[in-house]
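Okay, data-v1.cif is below, mmCIF, C-alpha atoms:
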data_work
#
loop_
_atom_site.label_atom_id
_atom_site.label_comp_id
_atom_site.auth_asym_id
_atom_site.auth_seq_id
_atom_site.Cartn_x
_atom_site.Cartn_y
_atom_site.Cartn_z
CA MET E 18 0.00 0.00 0.00
CA PHE E 19 2.74 2.41 1.00
CA LYS E 20 4.74 1.51 -2.12
CA ARG E 21 1.75 2.25 -4.38
CA LEU E 22 1.12 5.57 -2.64
CA PHE E 23 4.79 6.48 -3.05
CA LYS E 24 4.72 5.64 -6.77
CA PHE E 25 1.50 7.59 -7.27
CA THR E 26 2.92 10.63 -5.45
CA LEU E 27 6.13 10.39 -7.46
CA LEU E 28 4.10 10.17 -10.68
CA VAL E 29 2.12 13.30 -9.76
CA LEU E 30 5.32 15.18 -8.95
CA ALA E 31 6.85 14.02 -12.23
CA LEU E 32 3.84 15.27 -14.17
CA ILE E 33 4.05 18.62 -12.39
CA SER E 34 7.77 18.76 -13.19
CA ALA E 35 7.05 18.04 -16.86
CA GLY E 36 4.41 20.76 -16.88
CA VAL E 37 6.77 23.30 -15.35
CA LEU E 38 9.45 22.49 -17.92
CA TRP E 39 6.97 22.58 -20.79
CA GLN E 40 5.26 25.80 -19.73
CA GLN E 41 8.27 27.90 -18.75
CA ALA E 42 7.21 30.77 -21.02
CA GLN E 43 3.58 30.81 -19.82
CA LEU E 44 4.68 30.63 -16.19
CA SER E 45 7.06 33.53 -16.77
CA VAL E 46 4.15 35.69 -17.94
CA LEU E 47 1.89 34.60 -15.08
CA ALA E 48 4.62 35.21 -12.52
CA LEU E 49 4.88 38.86 -13.49
CA GLY E 50 1.35 39.92 -12.62
CA ARG E 51 -0.17 43.06 -14.11
CA ILE E 52 0.14 46.52 -12.63
CA ASP E 53 -2.87 47.87 -10.73
CA PRO E 54 -3.08 51.57 -11.70
CA LEU E 55 -5.63 52.59 -9.06
CA PRO E 56 -3.28 53.23 -6.09
CA GLU E 57 -0.98 55.45 -8.18
CA THR E 58 -3.96 57.27 -9.70
CA ARG E 59 -5.44 57.97 -6.26
CA GLN E 60 -2.08 59.33 -5.12
CA MET E 61 -2.03 61.72 -8.09
CA LEU E 62 -5.55 62.87 -7.24
CA ALA E 63 -4.53 63.48 -3.63
CA GLU E 64 -1.80 65.76 -5.01
CA GLN E 65 -4.37 67.43 -7.32
CA ARG E 66 -2.48 66.27 -10.42
CA TYR E 67 -5.65 65.69 -12.40
CA ALA E 68 -4.06 65.85 -15.86
CA ASP E 69 -1.41 63.30 -14.86
CA ALA E 70 -4.06 61.07 -13.29
CA ALA E 71 -6.17 61.16 -16.45
CA SER E 72 -3.17 60.31 -18.62
CA TYR E 73 -1.97 57.48 -16.36
CA LEU E 74 -5.31 55.78 -15.78
CA GLY E 75 -6.34 56.44 -19.38
CA PHE E 76 -3.39 54.36 -20.58
CA PHE E 77 -4.62 51.33 -18.61
CA MET E 78 -8.27 51.82 -19.62
CA ASP E 79 -7.32 50.35 -23.01
CA TYR E 80 -7.00 46.95 -21.33
CA ASP E 81 -9.90 44.77 -20.21
CA TYR E 82 -8.55 44.01 -16.74
CA VAL E 83 -8.84 47.71 -15.87
CA ARG E 84 -11.59 48.84 -18.26
CA ASP E 85 -14.00 46.22 -16.83
CA ASN E 86 -13.21 47.19 -13.23
CA PRO E 87 -16.13 49.25 -11.78
CA LYS E 88 -13.76 51.11 -9.44
CA ALA E 89 -11.57 52.16 -12.35
CA GLN E 90 -14.62 53.25 -14.34
CA ALA E 91 -15.91 55.40 -11.48
CA LEU E 92 -12.50 56.93 -10.82
CA TYR E 93 -11.95 57.79 -14.48
CA ALA E 94 -15.42 59.36 -14.68
CA ASP E 95 -14.64 61.52 -11.62
CA ILE E 96 -11.38 62.73 -13.15
CA THR E 97 -13.10 63.57 -16.44
CA ARG E 98 -15.84 65.49 -14.63
CA ILE E 99 -13.34 67.57 -12.65
CA ARG E 100 -11.21 68.42 -15.70
CA SER E 101 -14.20 69.43 -17.80
CA ASP E 102 -15.55 71.86 -15.19
CA TRP E 103 -15.29 75.50 -16.38
CA ARG E 104 -13.88 76.66 -13.04
CA TYR E 105 -11.05 74.15 -13.28
CA GLN E 106 -10.32 75.25 -16.84
CA PHE E 107 -10.37 78.92 -15.80
CA ASP E 108 -7.97 78.24 -12.92
CA LYS E 109 -5.58 76.48 -15.31
CA LEU E 110 -5.78 79.38 -17.77
CA SER E 111 -4.98 81.84 -14.97
CA GLU E 112 -2.15 79.60 -13.78
CA GLY E 113 -0.57 79.69 -17.22
CA LEU E 114 -0.89 83.46 -17.56
CA LEU E 115 0.31 84.36 -14.06
CA THR E 116 2.99 81.76 -13.35
CA GLY E 117 4.01 80.68 -16.85
CA THR E 118 3.46 77.02 -15.98
CA SER E 119 0.54 74.60 -16.19
CA ASP E 120 -0.15 70.89 -16.58
CA GLU E 121 -3.20 71.44 -18.81
CA ALA E 122 -3.23 72.37 -22.49
CA ILE E 123 -5.18 75.61 -21.96
CA GLY E 124 -2.70 76.84 -19.34
CA GLN E 125 0.33 75.79 -21.36
CA ALA E 126 -0.96 77.72 -24.37
CA ALA E 127 -1.34 80.84 -22.24
CA ALA E 128 2.07 80.34 -20.62
CA VAL E 129 4.04 80.44 -23.86
CA THR E 130 2.26 83.48 -25.31
CA THR E 131 4.49 86.13 -23.69
CA ASP E 132 7.61 84.08 -24.37
CA PHE E 133 6.95 84.30 -28.10
CA LEU E 134 7.07 88.07 -27.81
CA VAL E 135 10.38 89.90 -27.48
CA ILE E 136 9.02 91.64 -24.39
CA GLY E 137 9.32 88.37 -22.46
CA ASP E 138 13.05 88.07 -23.17
CA ILE E 139 13.68 91.77 -22.41
CA ARG E 140 11.76 91.45 -19.15
CA ASP E 141 13.81 88.46 -18.01
CA LEU E 142 17.12 90.11 -18.96
CA THR E 143 16.12 93.29 -17.12
CA LEU E 144 15.21 91.41 -13.96
CA GLN E 145 18.48 89.47 -14.00
CA GLY E 146 20.38 92.72 -14.63
CA MET E 147 18.77 94.27 -11.57
CA ASN E 148 19.76 91.22 -9.54
CA HIS E 149 23.37 91.71 -10.67
CA LEU E 150 23.38 95.41 -9.72
CA GLN E 151 21.94 94.62 -6.30
CA GLY E 152 24.51 91.92 -5.68
CA GLU E 153 21.94 89.14 -5.83
CA GLU E 154 22.35 85.82 -7.59
CA VAL E 155 22.00 85.90 -11.37
CA ASP E 156 20.45 82.94 -13.14
CA GLU E 157 22.96 82.34 -15.94
CA THR E 158 20.74 79.81 -17.65
CA LEU E 159 17.79 82.21 -17.79
CA VAL E 160 20.08 84.96 -19.09
CA ALA E 161 21.36 82.58 -21.78
CA LEU E 162 17.83 81.59 -22.78
CA SER E 163 16.69 85.22 -23.00
CA ALA E 164 19.74 86.16 -25.08
CA LEU E 165 19.08 83.21 -27.38
CA GLY E 166 15.47 84.34 -27.60
CA LEU E 167 16.55 87.79 -28.80
CA VAL E 168 18.84 86.24 -31.43
CA ALA E 169 16.00 84.00 -32.61
CA THR E 170 13.55 86.91 -32.71
CA ALA E 171 15.97 89.01 -34.76
CA ALA E 172 16.45 86.13 -37.20
CA GLN E 173 12.69 85.64 -37.33
CA ILE E 174 12.08 89.30 -38.20
CA ALA E 175 14.82 89.26 -40.85
CA SER E 176 13.35 86.13 -42.40
CA GLY E 177 9.89 87.67 -42.42
CA ILE E 178 11.16 90.78 -44.22
CA GLY E 179 12.94 88.58 -46.74
CA THR E 180 9.74 86.66 -47.40
CA VAL E 181 7.85 89.86 -48.20
CA GLU E 182 10.59 91.29 -50.42
CA THR E 183 11.07 88.10 -52.41
CA ALA E 184 7.40 87.13 -52.67
CA GLY E 185 7.82 84.03 -50.53
CA VAL E 186 11.29 82.82 -51.57
CA ALA E 187 12.56 83.13 -48.00
CA ALA E 188 9.59 81.26 -46.49
CA PRO E 189 11.63 78.12 -45.57
CA THR E 190 14.02 80.32 -43.57
CA LEU E 191 11.10 81.89 -41.74
CA VAL E 192 9.76 78.45 -40.89
CA ALA E 193 13.20 77.38 -39.61
CA THR E 194 13.64 80.45 -37.40
CA THR E 195 10.11 80.04 -36.02
CA ALA E 196 10.91 76.42 -35.15
CA THR E 197 14.07 77.61 -33.39
CA LYS E 198 12.05 80.13 -31.42
CA ASN E 199 9.66 77.34 -30.43
CA GLY E 200 12.59 75.37 -29.01
CA ILE E 201 13.83 78.31 -26.94
CA VAL E 202 10.34 78.97 -25.57
CA ALA E 203 10.14 75.30 -24.63
CA LEU E 204 13.47 75.54 -22.79
CA LYS E 205 12.27 78.57 -20.82
CA THR E 206 9.14 76.66 -19.85
CA ALA E 207 11.24 73.70 -18.73
CA LYS E 208 13.36 76.07 -16.66
CA ARG E 209 10.30 77.47 -14.89
CA LEU E 210 9.02 73.98 -14.18
CA GLY E 211 12.35 72.91 -12.74
CA LYS E 212 12.66 70.27 -15.47
CA LEU E 213 15.71 71.65 -17.28
CA PRO E 214 18.52 69.10 -16.71
CA PRO E 215 21.85 70.53 -15.46
CA TRP E 216 23.80 69.38 -18.52
CA LEU E 217 21.46 71.30 -20.82
CA GLY E 218 21.72 74.48 -18.75
CA LYS E 219 25.51 74.39 -19.07
CA THR E 220 25.23 73.75 -22.80
CA LEU E 221 22.99 76.80 -23.24
CA VAL E 222 25.41 79.09 -21.38
CA ARG E 223 28.19 77.88 -23.68
CA GLU E 224 26.16 78.10 -26.89
CA VAL E 225 24.87 81.64 -26.28
CA LYS E 226 28.37 83.07 -26.76
CA ILE E 227 28.68 81.35 -30.13
CA ALA E 228 25.20 82.47 -31.18
CA GLN E 229 25.84 86.11 -30.26
CA GLN E 230 29.02 86.17 -32.32
CA SER E 231 27.59 84.39 -35.36
CA LYS E 232 24.08 85.88 -35.06
CA SER E 233 22.87 82.37 -35.81
CA LEU E 234 21.47 79.42 -33.90
CA SER E 235 22.22 76.86 -36.61
CA ALA E 236 24.53 74.89 -34.32
CA MET E 237 21.61 74.28 -31.96
CA THR E 238 19.00 73.34 -34.55
CA GLU E 239 18.97 69.59 -33.86
CA MET E 240 18.94 70.01 -30.09
CA LEU E 241 16.15 72.60 -30.20
CA SER E 242 14.16 70.34 -32.52
CA ASP E 243 14.40 67.49 -30.00
CA VAL E 244 13.38 69.80 -27.16
CA THR E 245 10.37 71.02 -29.16
CA THR E 246 9.30 67.43 -29.81
CA LEU E 247 9.30 66.75 -26.08
CA ALA E 248 7.56 70.05 -25.31
CA ASN E 249 4.74 69.09 -27.68
CA THR E 250 4.27 65.77 -25.88
CA ARG E 251 2.17 65.47 -22.73
CA GLY E 252 4.59 65.03 -19.83
CA GLY E 253 7.49 65.73 -22.17
CA PHE E 254 9.29 68.05 -19.77
CA ARG E 255 9.44 65.20 -17.27
CA LEU E 256 11.11 63.10 -19.96
CA LEU E 257 13.49 65.96 -20.74
CA SER E 258 14.56 66.12 -17.09
CA ARG E 259 15.66 62.48 -17.22
CA THR E 260 18.28 63.06 -19.94
CA THR E 261 21.98 63.48 -19.13
CA ASN E 262 23.46 64.37 -22.53
CA SER E 263 22.54 65.27 -26.11
CA ALA E 264 22.53 61.63 -27.26
CA GLU E 265 19.96 60.73 -24.60
CA LEU E 266 17.95 63.79 -25.58
CA GLY E 267 17.79 62.51 -29.16
CA ARG E 268 16.71 59.04 -28.02
CA MET E 269 14.07 60.49 -25.71
CA ALA E 270 12.70 62.66 -28.53
CA ALA E 271 12.48 59.60 -30.80
CA PHE E 272 10.64 57.77 -28.03
CA ALA E 273 8.17 60.67 -27.66
CA LYS E 274 7.59 60.74 -31.42
CA ALA E 275 6.86 57.02 -31.43
CA PHE E 276 4.40 56.93 -28.52
CA GLY E 277 3.01 60.46 -28.35
CA SER E 278 0.80 61.35 -25.40
CA GLN E 279 1.34 57.91 -23.81
CA SER E 280 5.11 58.36 -23.64
CA VAL E 281 5.32 59.66 -20.07
CA THR E 282 3.16 56.81 -18.72
CA LEU E 283 5.17 54.26 -20.67
CA TYR E 284 8.38 55.71 -19.26
CA GLN E 285 6.94 55.63 -15.75
CA LEU E 286 6.20 51.92 -16.21
CA GLY E 287 9.21 50.83 -18.24
CA GLY E 288 11.94 53.36 -17.47
CA ASP E 289 15.02 53.50 -19.68
CA ALA E 290 14.32 49.96 -20.91
CA VAL E 291 11.34 51.07 -23.00
CA VAL E 292 13.36 53.97 -24.46
CA ALA E 293 16.14 51.57 -25.44
CA MET E 294 13.61 49.33 -27.20
CA THR E 295 12.12 52.19 -29.27
CA PRO E 296 14.41 51.71 -32.32
CA ARG E 297 12.91 48.21 -32.59
CA ALA E 298 9.31 49.39 -32.13
CA ALA E 299 8.48 48.49 -35.74
CA GLN E 300 9.81 44.97 -35.20
CA LEU E 301 8.29 44.39 -31.75
CA GLY E 302 5.12 46.38 -32.40
CA LYS E 303 4.05 49.46 -30.46
CA GLU E 304 0.91 47.76 -29.15
CA SER E 305 2.98 44.81 -27.92
CA MET E 306 5.33 47.18 -26.11
CA LYS E 307 2.42 48.96 -24.44
CA LEU E 308 0.89 45.62 -23.46
CA ALA E 309 4.22 44.46 -22.01
CA ALA E 310 4.50 47.69 -20.01
CA THR E 311 1.33 46.79 -18.09
CA PHE E 312 3.47 44.02 -16.57
CA GLY E 313 6.25 46.48 -15.68
CA GLN E 314 9.90 46.29 -16.73
CA GLY E 315 9.83 42.51 -16.38
CA GLY E 316 7.16 42.40 -19.07
CA LEU E 317 9.32 44.41 -21.45
CA ARG E 318 12.28 42.09 -20.86
CA LEU E 319 10.08 39.08 -21.52
CA LEU E 320 8.76 40.66 -24.73
CA ASP E 321 12.35 41.20 -25.81
CA ASN E 322 13.16 37.53 -25.17
CA LEU E 323 10.02 35.93 -26.61
CA GLY E 324 9.14 38.24 -29.49
CA ALA E 325 5.85 40.03 -30.07
CA LEU E 326 3.76 37.13 -31.42
CA LYS E 327 4.54 34.65 -28.67
CA PHE E 328 4.39 37.21 -25.87
CA THR E 329 0.99 38.53 -27.01
CA LYS E 330 -0.39 35.00 -27.27
CA LEU E 331 0.82 34.02 -23.80
CA ALA E 332 -0.40 37.30 -22.26
CA ALA E 333 -3.88 36.74 -23.73
CA ARG E 334 -3.91 33.16 -22.45
CA GLY E 335 -2.74 34.34 -19.04
CA ALA E 336 -5.56 36.89 -18.85
CA LYS E 337 -8.08 34.04 -19.20
CA ILE E 338 -6.46 32.03 -16.42
CA ALA E 339 -6.97 34.63 -13.71
CA TYR E 340 -8.52 38.09 -13.52
CA LYS E 341 -6.26 39.54 -10.85
CA GLY E 342 -3.77 36.74 -10.82
CA ASP E 343 -2.46 37.20 -7.26
CA ALA E 344 -2.63 33.50 -6.31
CA ILE E 345 -1.68 32.35 -9.80
CA ALA E 346 1.27 34.75 -9.90
CA LEU E 347 2.50 33.51 -6.52
CA LEU E 348 2.25 29.87 -7.62
CA ALA E 349 3.99 30.62 -10.93
CA LYS E 350 6.85 32.39 -9.14
CA TRP E 351 7.25 29.44 -6.78
CA LEU E 352 7.31 26.92 -9.63
CA LEU E 353 9.88 28.95 -11.55
CA MET E 354 12.12 28.94 -8.48
CA LEU E 355 12.42 25.15 -8.65
CA PRO E 356 15.87 24.23 -10.01
CA MET E 357 16.02 22.40 -13.34
CA TRP E 358 18.10 19.58 -11.91
CA LEU E 359 15.41 18.83 -9.31
CA LEU E 360 12.67 18.67 -11.94
CA TYR E 361 14.70 16.30 -14.12
CA THR E 362 15.64 14.16 -11.11
CA VAL E 363 11.97 13.70 -10.14
CA MET E 364 11.11 12.70 -13.69
CA GLU E 365 14.00 10.26 -13.90
CA MET E 366 12.92 8.66 -10.64
CA ALA E 367 9.36 8.31 -11.91
CA PHE E 368 10.00 7.21 -15.48
CA GLY E 369 13.52 5.85 -15.30
CA VAL E 370 14.78 8.23 -17.97
CA PRO E 371 18.59 8.07 -18.07
CA ASP E 372 19.22 11.68 -19.03
CA ALA E 373 17.39 14.88 -19.83
CA GLU E 374 18.27 14.78 -23.54
CA ASN E 375 15.98 11.79 -24.06
CA LEU E 376 12.98 13.58 -22.62
CA ASN E 377 10.40 14.73 -25.15
CA ILE E 378 10.14 18.08 -23.39
CA ARG E 379 10.46 21.59 -24.69
CA ARG E 380 12.82 23.66 -22.55
CA GLU E 381 13.04 27.42 -22.57
CA PHE E 382 15.37 29.55 -20.52
CA PHE E 383 14.99 33.15 -19.42
CA PRO E 384 17.40 35.50 -17.64
#

Could you show the structure in this file as structure tokens?
Amino acid sequence: MFKRLFKFTLLVLALISAGVLWQQAQLSVLALGRIDPLPETRQMLAEQRYADAASYLGFFMDYDYVRDNPKAQALYADITRIRSDWRYQFDKLSEGLLTGTSDEAIGQAAAVTTDFLVIGDIRDLTLQGMNHLQGEEVDETLVALSALGLVATAAQIASGIGTVETAGVAAPTLVATTATKNGIVALKTAKRLGKLPPWLGKTLVREVKIAQQSKSLSAMTEMLSDVTTLANTRGGFRLLSRTTNSAELGRMAAFAKAFGSQSVTLYQLGGDAVVAMTPRAAQLGKESMKLAATFGQGGLRLLDNLGALKFTKLAARGAKIAYKGDAIALLAKWLLMLPMWLLYTVMEMAFGVPDAENLNIRREFFP
């Protein structure tokens, strides 16, 4: 009796071992578990960051496990109601006009208006000049930005005159100088928000001397273009603040171009890993990358290892296994912790298989 029970138990363990070896990929997906966006969204609401909350929760509302959640539906409806209220919109407009900063589109549009006018640059230079005369600290970065703004404005005016005199021949130059001005305005906004990275501030101080001598900002065209791309992306200044050099700025701009308004949420979920994967977005698929991000950075790594087709298939299958997946995820993690040698040993004891190479089992390994 005892011998039969032992053999039966060993057989069950061997079958479990075979299943673990066969379903390594599926278990890896299940072990990750999907991110619950509600706690982070509620934290944003507590900080009155309604635009950020709408963007963050809105990203997850594309997926059934959140979209079908009544709590998520109610929370998203509350956020939408608050943001659509005229008083909220008026406050954001006033915020943009008075402080030059805002997290809503209406406030951001108002904030940049004065910076497009030469009076904004003259005002900032005057204030910094007064600080210098009074022995107070002078913001070299703001001085550099204002000086660059004057150079850009002068070039813009010259291009506009040329367009009139030549019946439109100089129009491309006018477009280029306007784009440059856009980049400088974006940098001033980043400065006000405290999102201008130190390396970029130092670069601006250095470049302003060159620009004043040459009366041209051509050397900064690519950098200003990247900054403008980020400025035109929701949460883009947060992405800008994460860069440490011009190469990273270029990669971050490419990332923002690829994923648009969802970029900041994707970065929050996937960090630098998702930015590094952007050049292969066409190969992996943008939708696959967004899906993987709902599992966190581990999901992105798994997507990289498995490929888009297999990862998407396993993720869809995993969604059917468990809605929240807490117990399933815990079990999957435990099974993946079992060493390979132990699984093969159990199977050899049960079936008498001499070595693992003779087993008709598909093995997959993950870092």

CA of Lys205 (chain E) to CA of Leu256 (chain E), straight-line distance in Å: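 Computing it gives 15.5 Å between the two atoms.
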
The PyMOL selection byres ((chain E and resi 317) around 10) resolved against shown file, as a VMD selection string: chain E and resid 286 to 287 290 to 291 294 305 to 316 318 to 323 328

Can I get the selection written as a compact mmCIF listing (two decimals), in the coordinates of the input, with C-alpha atoms?
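Saved as result-v5.txt:
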# COMPACT_ATOMS: atom_id res chain seq x y z
CA LEU E 286 6.20 51.92 -16.21
CA GLY E 287 9.21 50.83 -18.24
CA ALA E 290 14.32 49.96 -20.91
CA VAL E 291 11.34 51.07 -23.00
CA MET E 294 13.61 49.33 -27.20
CA SER E 305 2.98 44.81 -27.92
CA MET E 306 5.33 47.18 -26.11
CA LYS E 307 2.42 48.96 -24.44
CA LEU E 308 0.89 45.62 -23.46
CA ALA E 309 4.22 44.46 -22.01
CA ALA E 310 4.50 47.69 -20.01
CA THR E 311 1.33 46.79 -18.09
CA PHE E 312 3.47 44.02 -16.57
CA GLY E 313 6.25 46.48 -15.68
CA GLN E 314 9.90 46.29 -16.73
CA GLY E 315 9.83 42.51 -16.38
CA GLY E 316 7.16 42.40 -19.07
CA ARG E 318 12.28 42.09 -20.86
CA LEU E 319 10.08 39.08 -21.52
CA LEU E 320 8.76 40.66 -24.73
CA ASP E 321 12.35 41.20 -25.81
CA ASN E 322 13.16 37.53 -25.17
CA LEU E 323 10.02 35.93 -26.61
CA PHE E 328 4.39 37.21 -25.87

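Taking CA of Gly288 (chain E) and CA of Phe272 (chain E) as the two end points, the separation is 11.5 Å.
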
Hits of the PyMOL selection byres ((chain E and resi 79) around 12) in this structure, as a ChimeraX atom specification: /E:72-78,80-86,89-90,279,304,307-308,311

Top pick for closest residue to Gly324 (chain E), considering E:Leu257, E:Leu110, E:Ile52, E:Leu301 and counting only C-alpha atoms: E:Leu301

Distance in Å - CA of Leu234 (chain E) versus CA of Asn199 (chain E):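 So the answer is 12.5 Å.
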
Matched chain/residue IDs from the PyMOL selection byres ((chain E and resi 94-100) around 8), as a list in words: Tyr67, Ala68, Ala70, Ala71, Gln90, Ala91, Leu92, Tyr93, Ser101, Asp102, Tyr105 and Gln106 of chain E
